[in-house]
$ cat my_file03.cif   # mmCIF, C-alpha atoms
data_input
#
loop_
_atom_site.label_atom_id
_atom_site.label_comp_id
_atom_site.auth_asym_id
_atom_site.auth_seq_id
_atom_site.Cartn_x
_atom_site.Cartn_y
_atom_site.Cartn_z
CA MET A 26 -37.26 13.02 0.65
CA ASP A 27 -35.09 11.81 -2.22
CA THR A 28 -31.66 11.53 -0.66
CA LEU A 29 -29.91 10.42 -3.85
CA PRO A 30 -28.92 13.91 -5.12
CA LEU A 31 -27.67 14.80 -1.63
CA TYR A 32 -25.56 11.65 -1.39
CA LEU A 33 -24.23 12.03 -4.92
CA ASN A 34 -23.23 15.58 -4.11
CA ARG A 35 -21.28 14.32 -1.08
CA TYR A 36 -19.67 11.75 -3.33
CA ARG A 37 -18.66 14.29 -5.95
CA GLN A 38 -17.03 16.44 -3.28
CA ALA A 39 -15.04 13.46 -1.99
CA LEU A 40 -14.05 12.51 -5.52
CA HIS A 41 -12.95 16.06 -6.19
CA LYS A 42 -10.05 15.63 -3.73
CA PHE A 43 -8.58 13.26 -6.31
CA VAL A 44 -9.90 14.45 -9.66
CA GLY A 45 -12.30 17.12 -10.92
CA PHE A 46 -14.95 15.93 -13.39
CA THR A 47 -16.68 18.38 -15.74
CA ASP A 48 -20.50 18.33 -15.53
CA GLU A 49 -20.58 16.21 -18.67
CA GLU A 50 -18.08 13.66 -17.31
CA TRP A 51 -19.87 13.57 -13.97
CA GLN A 52 -23.15 12.92 -15.77
CA LEU A 53 -21.61 9.81 -17.33
CA PHE A 54 -19.73 8.64 -14.26
CA SER A 55 -22.59 9.07 -11.80
CA GLN A 56 -24.76 6.71 -13.87
CA GLY A 57 -22.64 3.89 -12.46
CA LEU A 58 -23.18 4.91 -8.82
CA TYR A 59 -25.80 3.44 -6.52
CA ILE A 60 -26.76 3.70 -2.86
CA GLU A 61 -26.24 0.75 -0.58
CA GLN A 62 -27.51 0.30 2.96
CA ILE A 63 -25.88 -2.23 5.25
CA LYS A 64 -27.41 -3.04 8.62
CA LYS A 65 -25.23 -3.24 11.74
CA LYS A 66 -23.29 -6.55 11.86
CA LYS A 67 -24.05 -7.31 8.19
CA PHE A 68 -21.29 -7.62 5.63
CA PHE A 69 -19.87 -5.34 2.95
CA VAL A 70 -17.85 -8.37 1.82
CA GLU A 71 -17.20 -11.79 3.34
CA ALA A 72 -13.89 -13.69 3.30
CA GLY A 73 -13.80 -16.12 0.38
CA ASP A 74 -15.96 -13.89 -1.83
CA VAL A 75 -14.51 -11.65 -4.53
CA CYS A 76 -14.93 -7.97 -3.64
CA LYS A 77 -16.70 -6.39 -6.61
CA LYS A 78 -17.06 -2.80 -5.43
CA VAL A 79 -15.51 0.38 -4.05
CA SER A 80 -17.68 2.61 -1.86
CA LEU A 81 -17.67 5.91 -0.07
CA ILE A 82 -19.20 5.85 3.43
CA ILE A 83 -21.93 8.50 3.69
CA THR A 84 -22.92 7.61 7.26
CA GLY A 85 -21.75 4.78 9.52
CA SER A 86 -18.54 2.78 9.83
CA VAL A 87 -17.07 -0.63 9.03
CA ARG A 88 -14.54 -2.99 10.55
CA PHE A 89 -12.08 -5.17 8.59
CA TYR A 90 -11.15 -8.52 10.15
CA VAL A 91 -9.90 -12.00 9.38
CA VAL A 92 -10.74 -15.21 11.20
CA LYS A 93 -7.75 -17.31 12.23
CA ASP A 94 -8.07 -20.48 14.33
CA GLY A 95 -11.65 -19.48 15.11
CA GLU A 96 -10.59 -16.04 16.41
CA GLU A 97 -11.43 -12.70 14.80
CA ILE A 98 -8.43 -10.46 14.20
CA THR A 99 -9.40 -6.84 13.56
CA ASN A 100 -7.25 -5.18 10.95
CA TYR A 101 -8.72 -1.82 10.01
CA PHE A 102 -11.68 0.56 10.31
CA CYS A 103 -13.30 3.06 7.96
CA PHE A 104 -15.58 5.96 8.88
CA GLU A 105 -17.69 8.66 7.22
CA ASN A 106 -16.18 10.13 4.05
CA GLU A 107 -13.66 7.31 3.75
CA TRP A 108 -13.36 4.84 0.86
CA VAL A 109 -14.02 1.16 1.49
CA SER A 110 -13.00 -1.90 -0.46
CA ALA A 111 -11.09 -5.15 0.03
CA TYR A 112 -8.62 -3.58 -2.40
CA SER A 113 -6.36 -6.49 -3.35
CA SER A 114 -9.41 -8.67 -3.87
CA PHE A 115 -11.09 -5.91 -5.90
CA LEU A 116 -8.02 -5.12 -8.00
CA LYS A 117 -7.15 -8.74 -8.80
CA GLN A 118 -10.76 -10.05 -8.65
CA ARG A 119 -9.64 -12.80 -6.31
CA PRO A 120 -11.33 -14.07 -3.10
CA SER A 121 -11.01 -11.63 -0.23
CA PRO A 122 -9.04 -12.73 2.85
CA VAL A 123 -10.98 -10.23 4.99
CA TYR A 124 -14.49 -9.72 6.24
CA ILE A 125 -15.74 -6.13 6.14
CA GLU A 126 -18.63 -5.71 8.56
CA ALA A 127 -20.81 -2.69 9.38
CA LEU A 128 -20.20 -1.52 12.95
CA GLN A 129 -23.52 0.35 12.83
CA ASP A 130 -26.25 0.90 10.19
CA THR A 131 -24.20 2.22 7.27
CA VAL A 132 -25.05 4.03 4.04
CA LEU A 133 -22.62 3.98 1.14
CA VAL A 134 -22.36 5.20 -2.44
CA THR A 135 -20.88 2.43 -4.56
CA PHE A 136 -19.51 1.58 -8.00
CA THR A 137 -18.71 -1.90 -9.27
CA TYR A 138 -15.57 -3.42 -10.77
CA GLN A 139 -17.41 -3.93 -14.03
CA PHE A 140 -18.42 -0.26 -14.19
CA LEU A 141 -14.86 0.87 -13.47
CA GLN A 142 -13.57 -1.24 -16.36
CA GLN A 143 -16.15 0.47 -18.59
CA CYS A 144 -14.81 3.85 -17.44
CA TYR A 145 -11.21 2.84 -18.23
CA ALA A 146 -12.39 1.80 -21.71
CA SER A 147 -14.58 4.85 -22.34
CA PRO A 148 -13.06 7.56 -24.59
CA GLN A 149 -14.76 10.29 -22.51
CA LEU A 150 -13.74 8.94 -19.10
CA ALA A 151 -10.55 6.89 -19.61
CA TYR A 152 -7.99 9.59 -18.80
CA LYS A 153 -9.65 10.93 -15.64
CA SER A 154 -10.56 7.44 -14.44
CA GLU A 155 -6.92 6.40 -14.74
CA ARG A 156 -5.95 9.52 -12.83
CA PHE A 157 -8.54 8.86 -10.12
CA GLY A 158 -7.37 5.23 -9.92
CA ARG A 159 -3.74 6.33 -9.59
CA LEU A 160 -4.36 8.96 -6.95
CA ILE A 161 -6.58 6.76 -4.79
CA ALA A 162 -4.01 3.94 -5.01
CA GLU A 163 -1.22 6.36 -4.05
CA TYR A 164 -3.32 7.64 -1.15
CA LEU A 165 -3.70 4.03 0.02
CA ILE A 166 0.05 3.44 -0.23
CA GLY A 167 0.48 6.25 2.31
CA CYS A 168 -2.04 4.55 4.65
CA TYR A 169 -0.35 1.15 4.30
CA GLU A 170 3.14 2.60 4.85
CA ASP A 171 2.02 4.31 8.04
CA ARG A 172 0.31 1.19 9.32
CA LEU A 173 3.28 -1.02 8.48
CA ALA A 174 5.70 1.46 10.04
CA SER A 175 3.68 1.34 13.25
CA PHE A 176 4.25 -2.43 13.51
CA LEU A 177 7.89 -2.29 12.56
CA TYR A 178 9.13 0.73 14.46
CA GLN A 179 6.75 1.38 17.34
CA SER A 180 6.11 -0.38 20.61
CA PRO A 181 2.44 -1.21 21.43
CA GLU A 182 2.40 1.77 23.81
CA GLU A 183 3.70 4.12 21.11
CA ARG A 184 1.08 2.72 18.69
CA TYR A 185 -1.63 3.42 21.24
CA LEU A 186 -0.45 7.00 21.87
CA GLN A 187 -0.29 7.62 18.13
CA LEU A 188 -3.87 6.37 17.78
CA LEU A 189 -5.03 8.65 20.62
CA LYS A 190 -3.46 11.57 18.80
CA THR A 191 -4.64 10.86 15.27
CA ASN A 192 -7.89 8.94 15.38
CA ILE A 193 -10.26 10.21 18.03
CA THR A 194 -13.31 8.74 16.17
CA LEU A 195 -11.88 5.27 16.51
CA MET A 196 -11.30 5.73 20.22
CA GLN A 197 -14.84 6.99 20.84
CA TYR A 198 -16.99 4.53 18.92
CA VAL A 199 -15.07 1.29 18.72
CA PRO A 200 -15.10 -1.40 21.44
CA GLN A 201 -11.81 -1.76 23.34
CA HIS A 202 -11.18 -5.37 22.28
CA TYR A 203 -11.29 -4.36 18.62
CA ILE A 204 -8.79 -1.60 19.34
CA ALA A 205 -6.47 -4.03 21.16
CA ASN A 206 -6.69 -6.30 18.13
CA TYR A 207 -5.94 -3.43 15.78
CA LEU A 208 -2.83 -2.58 17.81
CA GLY A 209 -1.71 -6.21 17.66
CA ILE A 210 -1.96 -6.76 21.43
CA THR A 211 -4.31 -8.51 23.90
CA PRO A 212 -7.14 -6.59 25.64
CA VAL A 213 -5.27 -7.17 28.93
CA SER A 214 -2.11 -5.50 27.56
CA LEU A 215 -4.19 -2.59 26.29
CA SER A 216 -5.79 -2.06 29.66
CA ARG A 217 -2.31 -2.20 31.28
CA ILE A 218 -1.01 0.42 28.83
CA ARG A 219 -4.00 2.69 29.50
CA LYS A 220 -3.47 2.47 33.27
CA ARG A 221 0.23 3.24 32.89
CA ILE A 222 -0.53 6.31 30.77
CA MET A 223 -3.19 7.61 33.16
CA HIS A 224 -0.73 7.10 36.01
CA THR A 225 1.99 9.04 34.18
CA ASN A 226 -0.26 12.03 33.35
CA MET B 12 30.59 -1.50 -24.92
CA ASP B 13 27.73 0.95 -24.66
CA THR B 14 25.40 -0.69 -22.14
CA LEU B 15 22.74 2.02 -22.31
CA PRO B 16 20.61 0.43 -25.11
CA LEU B 17 20.81 -2.94 -23.35
CA TYR B 18 19.67 -1.48 -20.04
CA LEU B 19 16.92 0.58 -21.66
CA ASN B 20 15.67 -2.54 -23.37
CA ARG B 21 15.48 -4.33 -20.02
CA TYR B 22 13.62 -1.31 -18.66
CA ARG B 23 11.12 -1.27 -21.50
CA GLN B 24 10.36 -4.96 -20.94
CA ALA B 25 9.75 -4.38 -17.23
CA LEU B 26 7.57 -1.35 -18.02
CA HIS B 27 5.61 -3.43 -20.51
CA LYS B 28 4.17 -5.50 -17.64
CA PHE B 29 2.26 -2.36 -16.69
CA VAL B 30 1.77 -0.44 -19.92
CA GLY B 31 2.84 -0.78 -23.56
CA PHE B 32 4.36 2.33 -25.13
CA THR B 33 4.40 2.79 -28.91
CA ASP B 34 7.87 3.43 -30.37
CA GLU B 35 7.02 7.13 -30.55
CA GLU B 36 5.91 7.28 -26.90
CA TRP B 37 8.93 5.27 -25.80
CA GLN B 38 11.19 7.67 -27.69
CA LEU B 39 9.79 10.55 -25.61
CA PHE B 40 9.66 8.67 -22.32
CA SER B 41 13.14 7.19 -22.52
CA GLN B 42 14.65 10.67 -22.82
CA GLY B 43 13.94 11.05 -19.11
CA LEU B 44 15.75 7.85 -18.12
CA TYR B 45 19.33 7.65 -16.91
CA ILE B 46 21.67 5.03 -15.53
CA GLU B 47 22.77 5.20 -11.94
CA GLN B 48 25.49 3.19 -10.22
CA ILE B 49 25.53 2.84 -6.47
CA LYS B 50 28.47 1.21 -4.72
CA LYS B 51 27.91 -1.36 -1.99
CA LYS B 52 26.90 0.30 1.32
CA LYS B 53 26.18 3.64 -0.41
CA PHE B 54 22.71 5.14 -0.40
CA PHE B 55 19.87 5.32 -2.91
CA VAL B 56 18.22 7.72 -0.47
CA GLU B 57 18.97 8.74 3.13
CA ALA B 58 16.40 9.30 5.88
CA GLY B 59 15.56 13.00 6.12
CA ASP B 60 16.09 13.61 2.40
CA VAL B 61 13.23 13.84 -0.08
CA CYS B 62 13.25 10.87 -2.45
CA LYS B 63 13.23 12.33 -5.95
CA LYS B 64 13.34 9.19 -8.09
CA VAL B 65 11.92 5.80 -9.01
CA SER B 66 14.31 3.18 -10.38
CA LEU B 67 14.41 -0.29 -11.80
CA ILE B 68 17.25 -2.49 -10.53
CA ILE B 69 19.25 -3.85 -13.47
CA THR B 70 21.81 -5.66 -11.32
CA GLY B 71 22.29 -5.71 -7.56
CA SER B 72 19.99 -5.30 -4.56
CA VAL B 73 19.04 -2.77 -1.90
CA ARG B 74 17.92 -2.82 1.72
CA PHE B 75 15.35 -0.47 3.29
CA TYR B 76 15.85 0.40 6.95
CA VAL B 77 15.10 2.99 9.61
CA VAL B 78 17.26 3.94 12.58
CA LYS B 79 15.47 3.95 15.91
CA ASP B 80 17.28 4.58 19.24
CA GLY B 81 20.57 4.08 17.41
CA GLU B 82 19.50 0.66 16.05
CA GLU B 83 18.90 -0.19 12.39
CA ILE B 84 15.53 -1.84 11.71
CA THR B 85 15.42 -3.54 8.31
CA ASN B 86 12.09 -3.17 6.60
CA TYR B 87 12.32 -4.39 3.03
CA PHE B 88 14.58 -5.56 0.21
CA CYS B 89 14.51 -5.16 -3.56
CA PHE B 90 16.33 -7.27 -6.14
CA GLU B 91 16.96 -7.39 -9.90
CA ASN B 92 14.01 -6.36 -12.05
CA GLU B 93 12.21 -4.79 -9.08
CA TRP B 94 11.19 -1.14 -8.71
CA VAL B 95 12.79 0.95 -5.97
CA SER B 96 11.67 4.18 -4.37
CA ALA B 97 10.83 5.56 -0.93
CA TYR B 98 7.31 5.81 -2.33
CA SER B 99 5.51 7.95 0.22
CA SER B 100 8.41 10.36 0.25
CA PHE B 101 8.47 10.38 -3.55
CA LEU B 102 4.71 10.78 -3.98
CA LYS B 103 4.33 13.56 -1.41
CA GLN B 104 7.83 15.03 -1.89
CA ARG B 105 8.41 14.90 1.87
CA PRO B 106 11.49 13.73 3.79
CA SER B 107 11.94 9.97 3.70
CA PRO B 108 11.73 8.04 7.00
CA VAL B 109 13.85 5.24 5.50
CA TYR B 110 17.38 4.70 4.31
CA ILE B 111 17.74 2.68 1.13
CA GLU B 112 21.23 1.21 0.90
CA ALA B 113 22.90 -0.90 -1.78
CA LEU B 114 23.64 -4.41 -0.46
CA GLN B 115 26.15 -4.86 -3.29
CA ASP B 116 27.34 -2.75 -6.25
CA THR B 117 24.04 -1.90 -7.92
CA VAL B 118 23.05 -0.55 -11.34
CA LEU B 119 19.68 1.11 -11.84
CA VAL B 120 17.69 2.87 -14.55
CA THR B 121 16.04 5.91 -13.05
CA PHE B 122 13.54 8.70 -13.71
CA THR B 123 12.98 11.74 -11.52
CA TYR B 124 9.87 13.19 -9.88
CA GLN B 125 10.22 16.26 -12.06
CA PHE B 126 10.32 14.19 -15.24
CA LEU B 127 7.25 12.20 -14.17
CA GLN B 128 5.31 15.43 -13.65
CA GLN B 129 6.31 16.46 -17.18
CA CYS B 130 4.94 13.14 -18.46
CA TYR B 131 1.62 13.66 -16.63
CA ALA B 132 1.39 17.11 -18.23
CA SER B 133 2.46 16.02 -21.73
CA PRO B 134 -0.38 15.58 -24.26
CA GLN B 135 1.44 12.63 -25.85
CA LEU B 136 2.27 10.80 -22.60
CA ALA B 137 -0.37 11.87 -20.04
CA TYR B 138 -2.81 9.01 -20.49
CA LYS B 139 -0.29 6.17 -20.47
CA SER B 140 1.72 7.77 -17.67
CA GLU B 141 -1.41 7.93 -15.52
CA ARG B 142 -2.09 4.30 -16.35
CA PHE B 143 1.48 3.28 -15.52
CA GLY B 144 1.25 5.27 -12.27
CA ARG B 145 -2.02 3.59 -11.37
CA LEU B 146 -0.89 0.06 -12.12
CA ILE B 147 2.43 0.38 -10.29
CA ALA B 148 0.62 1.86 -7.26
CA GLU B 149 -1.91 -0.98 -7.34
CA TYR B 150 0.91 -3.51 -7.59
CA LEU B 151 2.47 -1.94 -4.49
CA ILE B 152 -0.84 -2.12 -2.61
CA GLY B 153 -0.70 -5.88 -3.11
CA CYS B 154 2.86 -5.98 -1.68
CA TYR B 155 1.90 -3.84 1.33
CA GLU B 156 -1.24 -5.87 2.04
CA ASP B 157 0.75 -9.11 2.04
CA ARG B 158 3.42 -7.65 4.29
CA LEU B 159 0.88 -6.18 6.71
CA ALA B 160 -1.10 -9.44 6.77
CA SER B 161 2.08 -11.29 7.72
CA PHE B 162 2.43 -9.12 10.84
CA LEU B 163 -1.22 -9.27 11.77
CA TYR B 164 -2.10 -12.88 11.11
CA GLN B 165 1.10 -14.90 11.18
CA SER B 166 3.41 -16.01 13.95
CA PRO B 167 7.16 -15.32 13.45
CA GLU B 168 7.62 -19.00 12.56
CA GLU B 169 4.86 -18.83 9.94
CA ARG B 170 6.41 -15.64 8.55
CA TYR B 171 9.78 -17.40 8.27
CA LEU B 172 8.29 -20.45 6.53
CA GLN B 173 6.44 -18.17 4.11
CA LEU B 174 9.69 -16.38 3.31
CA LEU B 175 11.49 -19.70 2.71
CA LYS B 176 8.75 -20.61 0.25
CA THR B 177 8.43 -17.33 -1.63
CA ASN B 178 11.72 -15.51 -1.55
CA ILE B 179 14.67 -17.76 -2.04
CA THR B 180 16.87 -14.86 -3.27
CA LEU B 181 16.43 -13.11 0.04
CA MET B 182 17.42 -16.20 1.96
CA GLN B 183 20.54 -16.79 -0.12
CA TYR B 184 22.13 -13.35 -0.28
CA VAL B 185 21.01 -11.46 2.78
CA PRO B 186 22.73 -11.68 6.20
CA GLN B 187 20.69 -13.48 8.87
CA HIS B 188 20.41 -10.49 11.21
CA TYR B 189 18.74 -8.45 8.44
CA ILE B 190 16.28 -11.29 7.86
CA ALA B 191 15.49 -11.49 11.59
CA ASN B 192 14.84 -7.76 11.51
CA TYR B 193 12.63 -8.09 8.47
CA LEU B 194 10.57 -10.74 10.28
CA GLY B 195 10.24 -8.46 13.30
CA ILE B 196 12.18 -10.80 15.64
CA THR B 197 15.63 -10.96 17.25
CA PRO B 198 18.48 -12.92 15.61
CA VAL B 199 18.34 -15.30 18.61
CA SER B 200 14.64 -16.02 17.98
CA LEU B 201 15.36 -16.61 14.30
CA SER B 202 18.10 -19.07 15.08
CA ARG B 203 15.75 -20.87 17.52
CA ILE B 204 13.03 -21.08 14.84
CA ARG B 205 15.51 -22.45 12.30
CA LYS B 206 16.70 -25.14 14.72
CA ARG B 207 13.10 -26.13 15.51
CA ILE B 208 12.28 -26.45 11.80
CA MET B 209 15.38 -28.53 11.05
CA HIS B 210 14.52 -30.77 14.00
CA THR B 211 10.93 -31.23 12.74
CA ASN B 212 11.96 -32.17 9.18
#

$ encode --input "my_file03.cif" --output "structure tokens"
Amino acid sequence: MDTLPLYLNRYRQALHKFVGFTDEEWQLFSQGLYIEQIKKKKFFVEAGDVCKKVSLIITGSVRFYVVKDGEEITNYFCFENEWVSAYSSFLKQRPSPVYIEALQDTVLVTFTYQFLQQCYASPQLAYKSERFGRLIAEYLIGCYEDRLASFLYQSPEERYLQLLKTNITLMQYVPQHYIANYLGITPVSLSRIRKRIMHTN
Amino acid sequence: MDTLPLYLNRYRQALHKFVGFTDEEWQLFSQGLYIEQIKKKKFFVEAGDVCKKVSLIITGSVRFYVVKDGEEITNYFCFENEWVSAYSSFLKQRPSPVYIEALQDTVLVTFTYQFLQQCYASPQLAYKSERFGRLIAEYLIGCYEDRLASFLYQSPEERYLQLLKTNITLMQYVPQHYIANYLGITPVSLSRIRKRIMHTN
């Protein structure tokens, strides 16, 4: 079965949350899209490389991490229907500080930096591409503010409770030591917090 | 002396880093700008209120903070020629979680949320306003990524050394307990780190 039309349809729906393309505009824009398959444990981007793409996850999930003093520090996760990129690296076309690795076999629909620049320069697509770019960047600002606020204003236990409440996917599929990392604590502290909560309830 | 043209000129230069307006476009856009003066210790926005504006600081500086369990937690600072807003609150028109307070008498050039929506809807300004919106949001993503990375990958001492290197204004004008807060440590820890560094050099 040709899955391309199915995947592109999913992509168009996701895009539509930010900006609606007419059939003509979509025809032009979708020419720059391609399907990418990344096997479990393989990389979407590696630290030191320039991230040249933005993708929508059709199936699967990825983990963002950096390596410091030989240790992996997990920073973020993305799941189905979420957008993936090492954004600063992509936007500035500079080497990425993060690795983005597939947590399972993952299928994505992708466009490249080069294609996006063509869209910004295209008379037919410039305005809506700018709008899409603005709205996705503003969406990300919301994500970053929340994540930063969690480090500044919440205790590790509050961060964990917040995660339980808002991101059940993360809690189900992601190994505990990655979650501890994500919360900025050791696996031992996480296990202590979990015991304390179970004891309280 | 009428300072308005002088301030608007400064504003246009700062804007030009993101997008160049023709004289005609600038004529339209600048109609939505006004000068705001905020006395030391007064607020740009208070927590619980919806932030309705984005401003450029002409002179002065502001401090971002939240109040948690009766304690102020300082989150960010902005100085001359920097853009100020409680962005998430502004973008979503929801109550702000942060206070933004003038650290000294501060002069700003401001536009409102309502005016920006008019620009997005205006045939003459829509395209460049979208572009400006995108580029300023992307610029902020860079700021947020750096700040988040500092919490995830750096020790408090590394964060302090980084600050010494990159933000000399902050170190000169801002009280030590705000800086400790900003680094996510207690004033006592900050003073310990400073002593250790002086001892090492």

$ resolve_selection --input "my_file03.cif" --expression "the PyMOL selection byres ((chain B) within 7 of (chain A))" --output "PyMOL selection string"
chain B and resi 99+138+141-142+144-145+148-149+152-153+155+159+163+195

$ residues_around --input "my_file03.cif" --residues "region 33-46 of chain B" --least-positions-apart "4" --cutoff "8 Å" --atoms "all atoms listed in the file" --output "JSON, numbers by chain"
{"B": [15, 19, 118, 119, 120, 121, 122, 123, 126, 130, 135, 136]}

$ write_last_selection --input "my_file03.cif" --atoms "C-alpha atoms" --output "mmCIF file, keeping the file's coordinate frame"
data_model
loop_
_atom_site.group_PDB
_atom_site.id
_atom_site.type_symbol
_atom_site.label_atom_id
_atom_site.label_comp_id
_atom_site.auth_asym_id
_atom_site.auth_seq_id
_atom_site.Cartn_x
_atom_site.Cartn_y
_atom_site.Cartn_z
ATOM 1 C CA LEU B 15 22.740 2.020 -22.310
ATOM 2 C CA LEU B 19 16.920 0.580 -21.660
ATOM 3 C CA VAL B 118 23.050 -0.550 -11.340
ATOM 4 C CA LEU B 119 19.680 1.110 -11.840
ATOM 5 C CA VAL B 120 17.690 2.870 -14.550
ATOM 6 C CA THR B 121 16.040 5.910 -13.050
ATOM 7 C CA PHE B 122 13.540 8.700 -13.710
ATOM 8 C CA THR B 123 12.980 11.740 -11.520
ATOM 9 C CA PHE B 126 10.320 14.190 -15.240
ATOM 10 C CA CYS B 130 4.940 13.140 -18.460
ATOM 11 C CA GLN B 135 1.440 12.630 -25.850
ATOM 12 C CA LEU B 136 2.270 10.800 -22.600
#

$ closest_residue --input "my_file03.cif" --among "A:Cys76, A:Leu186, A:Val44, A:Leu141" --to "Ile218 (chain A)" --atoms "all atoms listed in the file"
A:Leu186

$ residues_near_point --input "my_file03.cif" --point "(-12.2, 11.0, -4.1)" --cutoff "9 Å" --atoms "all atoms listed in the file" --output "PyMOL selection string"
chain A and resi 36-44+81+107-108+157+160-161

$ residues_around --input "my_file03.cif" --residues "Arg219 (chain A)" --least-positions-apart "3" --cutoff "12 Å" --atoms "only C-alpha atoms" --output "VMD selection string"
chain A and resid 181 to 186 189 201 205 212 to 216 222 to 226

$ atom_distance --input "my_file03.cif" --atom1 "CA of Val95 (chain B)" --atom2 "CA of Thr70 (chain B)"
12.4 Å

$ resolve_selection --input "my_file03.cif" --expression "the PyMOL selection byres ((chain A and resi 77) around 8)" --output "NGL selection string"
:A and (75-76 or 78-79 or 115 or 118 or 137-139)

$ write_last_selection --input "my_file03.cif" --atoms "C-alpha atoms" --output "PDB file, in the frame of the given file"
ATOM      1  CA  VAL A  75     -14.510 -11.650  -4.530  1.00  0.00           C
ATOM      2  CA  CYS A  76     -14.930  -7.970  -3.640  1.00  0.00           C
ATOM      3  CA  LYS A  78     -17.060  -2.800  -5.430  1.00  0.00           C
ATOM      4  CA  VAL A  79     -15.510   0.380  -4.050  1.00  0.00           C
ATOM      5  CA  PHE A 115     -11.090  -5.910  -5.900  1.00  0.00           C
ATOM      6  CA  GLN A 118     -10.760 -10.050  -8.650  1.00  0.00           C
ATOM      7  CA  THR A 137     -18.710  -1.900  -9.270  1.00  0.00           C
ATOM      8  CA  TYR A 138     -15.570  -3.420 -10.770  1.00  0.00           C
ATOM      9  CA  GLN A 139     -17.410  -3.930 -14.030  1.00  0.00           C
TER      10      GLN A 139
END

$ atom_distance --input "my_file03.cif" --atom1 "CA of Val73 (chain B)" --atom2 "CA of Pro16 (chain B)"
23.5 Å

$ decode --input "my_file03.cif" --residues "region 110-114 of chain A" --atoms "all heavy atoms" --output "compact mmCIF listing (two decimals), in the first residue's frame"
# COMPACT_ATOMS: atom_id res chain seq x y z
N SER A 110 12.72 19.02 15.90
CA SER A 110 13.90 19.63 15.29
C SER A 110 14.83 20.06 16.42
O SER A 110 14.37 20.26 17.54
CB SER A 110 13.51 20.86 14.45
OG SER A 110 14.65 21.35 13.78
N ALA A 111 16.12 20.15 16.13
CA ALA A 111 17.03 20.82 17.08
C ALA A 111 16.93 22.29 16.69
O ALA A 111 17.71 22.79 15.87
CB ALA A 111 18.43 20.28 16.96
N TYR A 112 15.92 23.00 17.22
CA TYR A 112 15.48 24.26 16.64
C TYR A 112 16.54 25.33 16.51
O TYR A 112 16.69 25.94 15.46
CB TYR A 112 14.26 24.83 17.39
CG TYR A 112 13.00 24.21 16.85
CD1 TYR A 112 12.37 23.18 17.50
CD2 TYR A 112 12.46 24.63 15.63
CE1 TYR A 112 11.23 22.57 17.00
CE2 TYR A 112 11.34 24.03 15.11
CZ TYR A 112 10.72 23.01 15.80
OH TYR A 112 9.62 22.42 15.28
N SER A 113 17.31 25.57 17.59
CA SER A 113 18.32 26.63 17.50
C SER A 113 19.32 26.30 16.40
O SER A 113 19.71 27.17 15.62
CB SER A 113 19.06 26.80 18.82
OG SER A 113 18.34 27.66 19.64
N SER A 114 19.72 25.02 16.35
CA SER A 114 20.66 24.58 15.33
C SER A 114 20.04 24.78 13.94
O SER A 114 20.68 25.30 13.03
CB SER A 114 21.00 23.11 15.56
OG SER A 114 21.65 22.56 14.44
